[in-house]
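Asks: The following block contains the structure, expressed as structure tokens.
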Amino acid sequence: MKSAPAIILTIDVEECDIPLEYGYNIDLEEQLDQSRKGLEQFMKVISEAQVPCTIFCTGVYAQHNIAWIKDLDTKHELASHGFYHSHFDPKTDLLSSRLLLEELSGRKVVGFRMARMQHVEEADILQAGYTYHSSLNPTWIPGRYNHLKASKLPFFEKGLWNIPASVTPNFRIPLFWLAFKNFPLVIFKQFCKDTLKKHGFLNLYFHPWEFADLSKYPLPAHVSRGSKGELVSKLKSLIRYFQEEGMGEFMTMENFVKQLENGK
């Protein structure tokens, strides 16, 4: 019997350093506080909907939120988002972030996602002890990357599973956080429906600070839109749509990879 399409909700739990990209100084404690506030809102929605999610967490966030890491519901997956969000050393950060998360949580960490979906050598990820990574957005984002020729489907390469972020079957419209934030929900729902039907999986990713109030920072509207509660309601509606339409099975990325390995 063929498995139901997989719906994978992921969140990159990190320092809220987005204001720095637009020239607004914000210290580490404020960055962490903004992410805490938004993460509380996100996890409340996830908990009420009773669905699992995959949490890619930086070492820095984990160090400052040890109790949260320890108390994380076991139905959610904990994965690595590197040690720092603003800079990266592949020789140290891949391994140190995994070991820290494992020490604090008491669970095995097998997944990795690079900050800002940047490229990391598979050999370095594999050597650091991971089973899969999800750092590929198979589309074109001006000023970031051009992956228009990359696979839209999961693939096994160089000893690792690579789980791309979801894009639409036609035109590779990215279904990442900016799309969810800025597209009307009715359009985003249709894109998700089309993608699930064609690709058999949906890999969506968010950030905690998106669900916090960002109004005091000089951010462009397309980045800050929905940060006064609208995005929380939008996420509730999206999850409810998936559930009511029976569009697929919610699962962690680790469990999705296990399905791939078993050839289901």
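Each chain in the structure tokens gets a letter, A, B, ..., in the order shown, and its residues are numbered from 1; ligands are numbered from 1 in order too.
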Could you give me, as a PyMOL selection string, each residue of stretch 140-263 of chain A that DSSP assigns to helix (DSSP H, G or I) when run on this structure's backbone?
Replies: chain A and resi 177-182+185-199+208-211+221-224+230-245+253-261
Asks: Would you mind exporting N, CA and C atoms of the selected residues as a compact mmCIF listing (two decimals), in the first residue's frame?
Replies:
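Saved the output as part.txt:
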# COMPACT_ATOMS: atom_id res chain seq x y z
N TRP A 177 9.15 30.51 3.85
CA TRP A 177 8.51 31.43 4.80
C TRP A 177 8.01 32.72 4.17
N LEU A 178 8.77 33.28 3.21
CA LEU A 178 8.34 34.53 2.60
C LEU A 178 7.09 34.34 1.75
N ALA A 179 6.98 33.18 1.12
CA ALA A 179 5.78 32.90 0.32
C ALA A 179 4.56 32.77 1.23
N PHE A 180 4.71 32.02 2.32
CA PHE A 180 3.60 31.86 3.25
C PHE A 180 3.16 33.21 3.82
N LYS A 181 4.12 34.04 4.08
CA LYS A 181 3.86 35.35 4.69
C LYS A 181 3.14 36.30 3.71
N ASN A 182 3.50 36.21 2.44
CA ASN A 182 3.07 37.25 1.49
C ASN A 182 1.99 36.82 0.49
N LEU A 185 -3.66 33.35 1.47
CA LEU A 185 -3.71 31.98 1.93
C LEU A 185 -4.36 31.04 0.92
N VAL A 186 -5.38 31.50 0.22
CA VAL A 186 -6.06 30.64 -0.75
C VAL A 186 -5.11 30.21 -1.86
N ILE A 187 -4.21 31.08 -2.25
CA ILE A 187 -3.23 30.75 -3.28
C ILE A 187 -2.16 29.81 -2.72
N PHE A 188 -1.69 30.10 -1.51
CA PHE A 188 -0.67 29.24 -0.90
C PHE A 188 -1.22 27.82 -0.70
N LYS A 189 -2.46 27.71 -0.28
CA LYS A 189 -3.08 26.40 -0.11
C LYS A 189 -3.09 25.62 -1.42
N GLN A 190 -3.46 26.28 -2.50
CA GLN A 190 -3.50 25.61 -3.80
C GLN A 190 -2.12 25.16 -4.24
N PHE A 191 -1.12 26.01 -4.01
CA PHE A 191 0.26 25.63 -4.33
C PHE A 191 0.66 24.38 -3.55
N CYS A 192 0.32 24.35 -2.28
CA CYS A 192 0.66 23.20 -1.44
C CYS A 192 -0.06 21.94 -1.93
N LYS A 193 -1.33 22.07 -2.27
CA LYS A 193 -2.11 20.95 -2.76
C LYS A 193 -1.49 20.38 -4.04
N ASP A 194 -1.13 21.26 -4.97
CA ASP A 194 -0.53 20.82 -6.23
C ASP A 194 0.81 20.13 -5.99
N THR A 195 1.58 20.67 -5.06
CA THR A 195 2.90 20.12 -4.77
C THR A 195 2.81 18.76 -4.11
N LEU A 196 1.92 18.62 -3.15
CA LEU A 196 1.72 17.32 -2.50
C LEU A 196 1.29 16.26 -3.51
N LYS A 197 0.37 16.62 -4.39
CA LYS A 197 -0.13 15.67 -5.37
C LYS A 197 0.97 15.23 -6.33
N LYS A 198 1.81 16.14 -6.75
CA LYS A 198 2.84 15.84 -7.74
C LYS A 198 4.09 15.24 -7.12
N HIS A 199 4.54 15.78 -6.00
CA HIS A 199 5.83 15.37 -5.43
C HIS A 199 5.71 14.35 -4.30
N PRO A 208 11.03 31.33 14.18
CA PRO A 208 10.23 31.74 15.34
C PRO A 208 9.94 33.23 15.38
N TRP A 209 10.93 34.05 15.02
CA TRP A 209 10.76 35.50 15.12
C TRP A 209 9.68 36.04 14.19
N GLU A 210 9.30 35.28 13.17
CA GLU A 210 8.22 35.71 12.29
C GLU A 210 6.90 35.85 13.06
N PHE A 211 6.75 35.07 14.11
CA PHE A 211 5.51 35.03 14.86
C PHE A 211 5.54 35.97 16.07
N ALA A 221 8.28 45.55 4.37
CA ALA A 221 6.96 44.99 4.63
C ALA A 221 6.89 43.50 4.31
N HIS A 222 7.60 43.08 3.28
CA HIS A 222 7.51 41.67 2.90
C HIS A 222 8.18 40.76 3.93
N VAL A 223 9.02 41.33 4.79
CA VAL A 223 9.66 40.55 5.86
C VAL A 223 8.85 40.59 7.14
N SER A 224 8.29 41.75 7.47
CA SER A 224 7.60 41.91 8.75
C SER A 224 6.10 41.62 8.67
N GLU A 230 -1.32 38.08 12.84
CA GLU A 230 -1.98 37.57 11.63
C GLU A 230 -1.35 36.26 11.15
N LEU A 231 -0.04 36.15 11.28
CA LEU A 231 0.65 34.95 10.80
C LEU A 231 0.30 33.73 11.64
N VAL A 232 0.05 33.94 12.93
CA VAL A 232 -0.37 32.85 13.80
C VAL A 232 -1.71 32.29 13.32
N SER A 233 -2.64 33.18 13.03
CA SER A 233 -3.96 32.75 12.54
C SER A 233 -3.84 32.06 11.19
N LYS A 234 -2.94 32.55 10.37
CA LYS A 234 -2.74 31.97 9.04
C LYS A 234 -2.20 30.55 9.14
N LEU A 235 -1.27 30.33 10.08
CA LEU A 235 -0.71 29.00 10.27
C LEU A 235 -1.78 28.04 10.78
N LYS A 236 -2.60 28.49 11.71
CA LYS A 236 -3.71 27.65 12.20
C LYS A 236 -4.61 27.23 11.05
N SER A 237 -4.94 28.17 10.18
CA SER A 237 -5.83 27.89 9.06
C SER A 237 -5.20 26.91 8.08
N LEU A 238 -3.90 27.06 7.84
CA LEU A 238 -3.22 26.17 6.91
C LEU A 238 -3.22 24.73 7.42
N ILE A 239 -2.87 24.56 8.69
CA ILE A 239 -2.84 23.21 9.28
C ILE A 239 -4.24 22.60 9.29
N ARG A 240 -5.22 23.40 9.64
CA ARG A 240 -6.60 22.91 9.67
C ARG A 240 -7.05 22.48 8.27
N TYR A 241 -6.62 23.22 7.25
CA TYR A 241 -6.94 22.87 5.86
C TYR A 241 -6.35 21.52 5.50
N PHE A 242 -5.07 21.30 5.83
CA PHE A 242 -4.45 20.01 5.57
C PHE A 242 -5.20 18.88 6.26
N GLN A 243 -5.58 19.12 7.51
CA GLN A 243 -6.25 18.08 8.29
C GLN A 243 -7.66 17.78 7.76
N GLU A 244 -8.43 18.82 7.52
CA GLU A 244 -9.82 18.63 7.09
C GLU A 244 -9.91 18.02 5.70
N GLU A 245 -8.94 18.34 4.85
CA GLU A 245 -8.94 17.80 3.49
C GLU A 245 -8.27 16.43 3.41
N MET A 253 10.90 15.11 9.80
CA MET A 253 11.76 14.83 8.67
C MET A 253 12.55 13.53 8.89
N GLU A 254 12.91 13.27 10.13
CA GLU A 254 13.61 12.01 10.42
C GLU A 254 12.75 10.82 10.04
N ASN A 255 11.47 10.83 10.36
CA ASN A 255 10.59 9.72 10.01
C ASN A 255 10.36 9.64 8.51
N PHE A 256 10.34 10.79 7.84
CA PHE A 256 10.22 10.79 6.39
C PHE A 256 11.44 10.13 5.75
N VAL A 257 12.62 10.45 6.26
CA VAL A 257 13.84 9.83 5.75
C VAL A 257 13.82 8.33 5.97
N LYS A 258 13.31 7.89 7.10
CA LYS A 258 13.20 6.45 7.37
C LYS A 258 12.29 5.78 6.34
N GLN A 259 11.22 6.46 5.97
CA GLN A 259 10.34 5.93 4.92
C GLN A 259 11.09 5.81 3.60
N LEU A 260 11.87 6.81 3.29
CA LEU A 260 12.65 6.78 2.04
C LEU A 260 13.64 5.61 2.06
N GLU A 261 14.26 5.42 3.20
CA GLU A 261 15.25 4.34 3.33
C GLU A 261 14.60 2.97 3.19
Asks: List the spatial neighbours of A:Pro174 as a list in words - criterion: any atom at most 10 Å away, only C-alpha atoms, same-chain residues fewer than 2 positions off excluded.
Replies: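 These residues fall inside the cut-off: Asn137, Pro138, Thr139, Trp140, Ile141, Ala165, Ser166, Val167, Thr168, Pro169, Phe171, Arg172, Phe176, Trp177, Leu178, Ala179, Phe180, Phe191 and Leu204 of chain A.
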Asks: From the options A:Lys44, A:His85, A:Lys70, A:Arg113, which residue's atoms come nearest to A:Leu32, counting only C-alpha atoms?
Replies: A:His85
Asks: Residues at most 9 Å from A:Val51, counting only C-alpha atoms, excluding those fewer than 5 positions away in the same chain, as a ChimeraX atom specification?
Replies: /A:9,46,75-76,239,250-251
Asks: Using the selection just defined, write its residues with N, CA, C and O atoms as a PDB file, in the first residue's frame.
Replies:
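Ended up saving to again-v7.pdb:
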ATOM      1  N   LEU A   9       6.426  19.970   8.649  1.00  0.00           N
ATOM      2  CA  LEU A   9       6.520  21.353   9.125  1.00  0.00           C
ATOM      3  C   LEU A   9       7.845  21.510   9.858  1.00  0.00           C
ATOM      4  O   LEU A   9       8.122  20.773  10.807  1.00  0.00           O
ATOM      5  N   ILE A  46       1.121  24.411  17.016  1.00  0.00           N
ATOM      6  CA  ILE A  46       1.478  23.024  16.719  1.00  0.00           C
ATOM      7  C   ILE A  46       0.874  22.083  17.770  1.00  0.00           C
ATOM      8  O   ILE A  46       0.340  21.012  17.441  1.00  0.00           O
ATOM      9  N   LYS A  75       7.396  13.874  20.437  1.00  0.00           N
ATOM     10  CA  LYS A  75       6.846  13.689  19.085  1.00  0.00           C
ATOM     11  C   LYS A  75       7.489  14.637  18.082  1.00  0.00           C
ATOM     12  O   LYS A  75       7.380  14.438  16.867  1.00  0.00           O
ATOM     13  N   HIS A  76       8.188  15.664  18.582  1.00  0.00           N
ATOM     14  CA  HIS A  76       8.896  16.590  17.708  1.00  0.00           C
ATOM     15  C   HIS A  76      10.347  16.143  17.547  1.00  0.00           C
ATOM     16  O   HIS A  76      10.938  15.569  18.466  1.00  0.00           O
ATOM     17  N   ILE A 239      -2.866  24.558   8.694  1.00  0.00           N
ATOM     18  CA  ILE A 239      -2.836  23.208   9.277  1.00  0.00           C
ATOM     19  C   ILE A 239      -4.235  22.600   9.288  1.00  0.00           C
ATOM     20  O   ILE A 239      -4.418  21.416   8.964  1.00  0.00           O
ATOM     21  N   PHE A 250       1.150  14.154   8.672  1.00  0.00           N
ATOM     22  CA  PHE A 250       2.154  14.998   9.296  1.00  0.00           C
ATOM     23  C   PHE A 250       3.227  14.101   9.908  1.00  0.00           C
ATOM     24  O   PHE A 250       2.913  13.140  10.619  1.00  0.00           O
ATOM     25  N   MET A 251       4.469  14.427   9.668  1.00  0.00           N
ATOM     26  CA  MET A 251       5.556  13.638  10.233  1.00  0.00           C
ATOM     27  C   MET A 251       6.816  14.484  10.343  1.00  0.00           C
ATOM     28  O   MET A 251       6.941  15.539   9.714  1.00  0.00           O
TER      29      MET A 251
END
Asks: Considering only C-alpha atoms, state which residue in the set A:Cys16, A:Leu136, A:Ala128, A:Ile8 is at the smallest distance from A:Val109.
Replies: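 Closest to A:Val109, using only C-alpha atoms: A:Ala128.
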Asks: Report as a ChimeraX atom specification: the residues of stretch 12-235 of chain A with a DSSP assignment of strand (DSSP E), based on the backbone of this structure.
Replies: /A:12-13,54-57,77-80,111-112,132-133,140-141,145-146,155-157,160-162,201-206
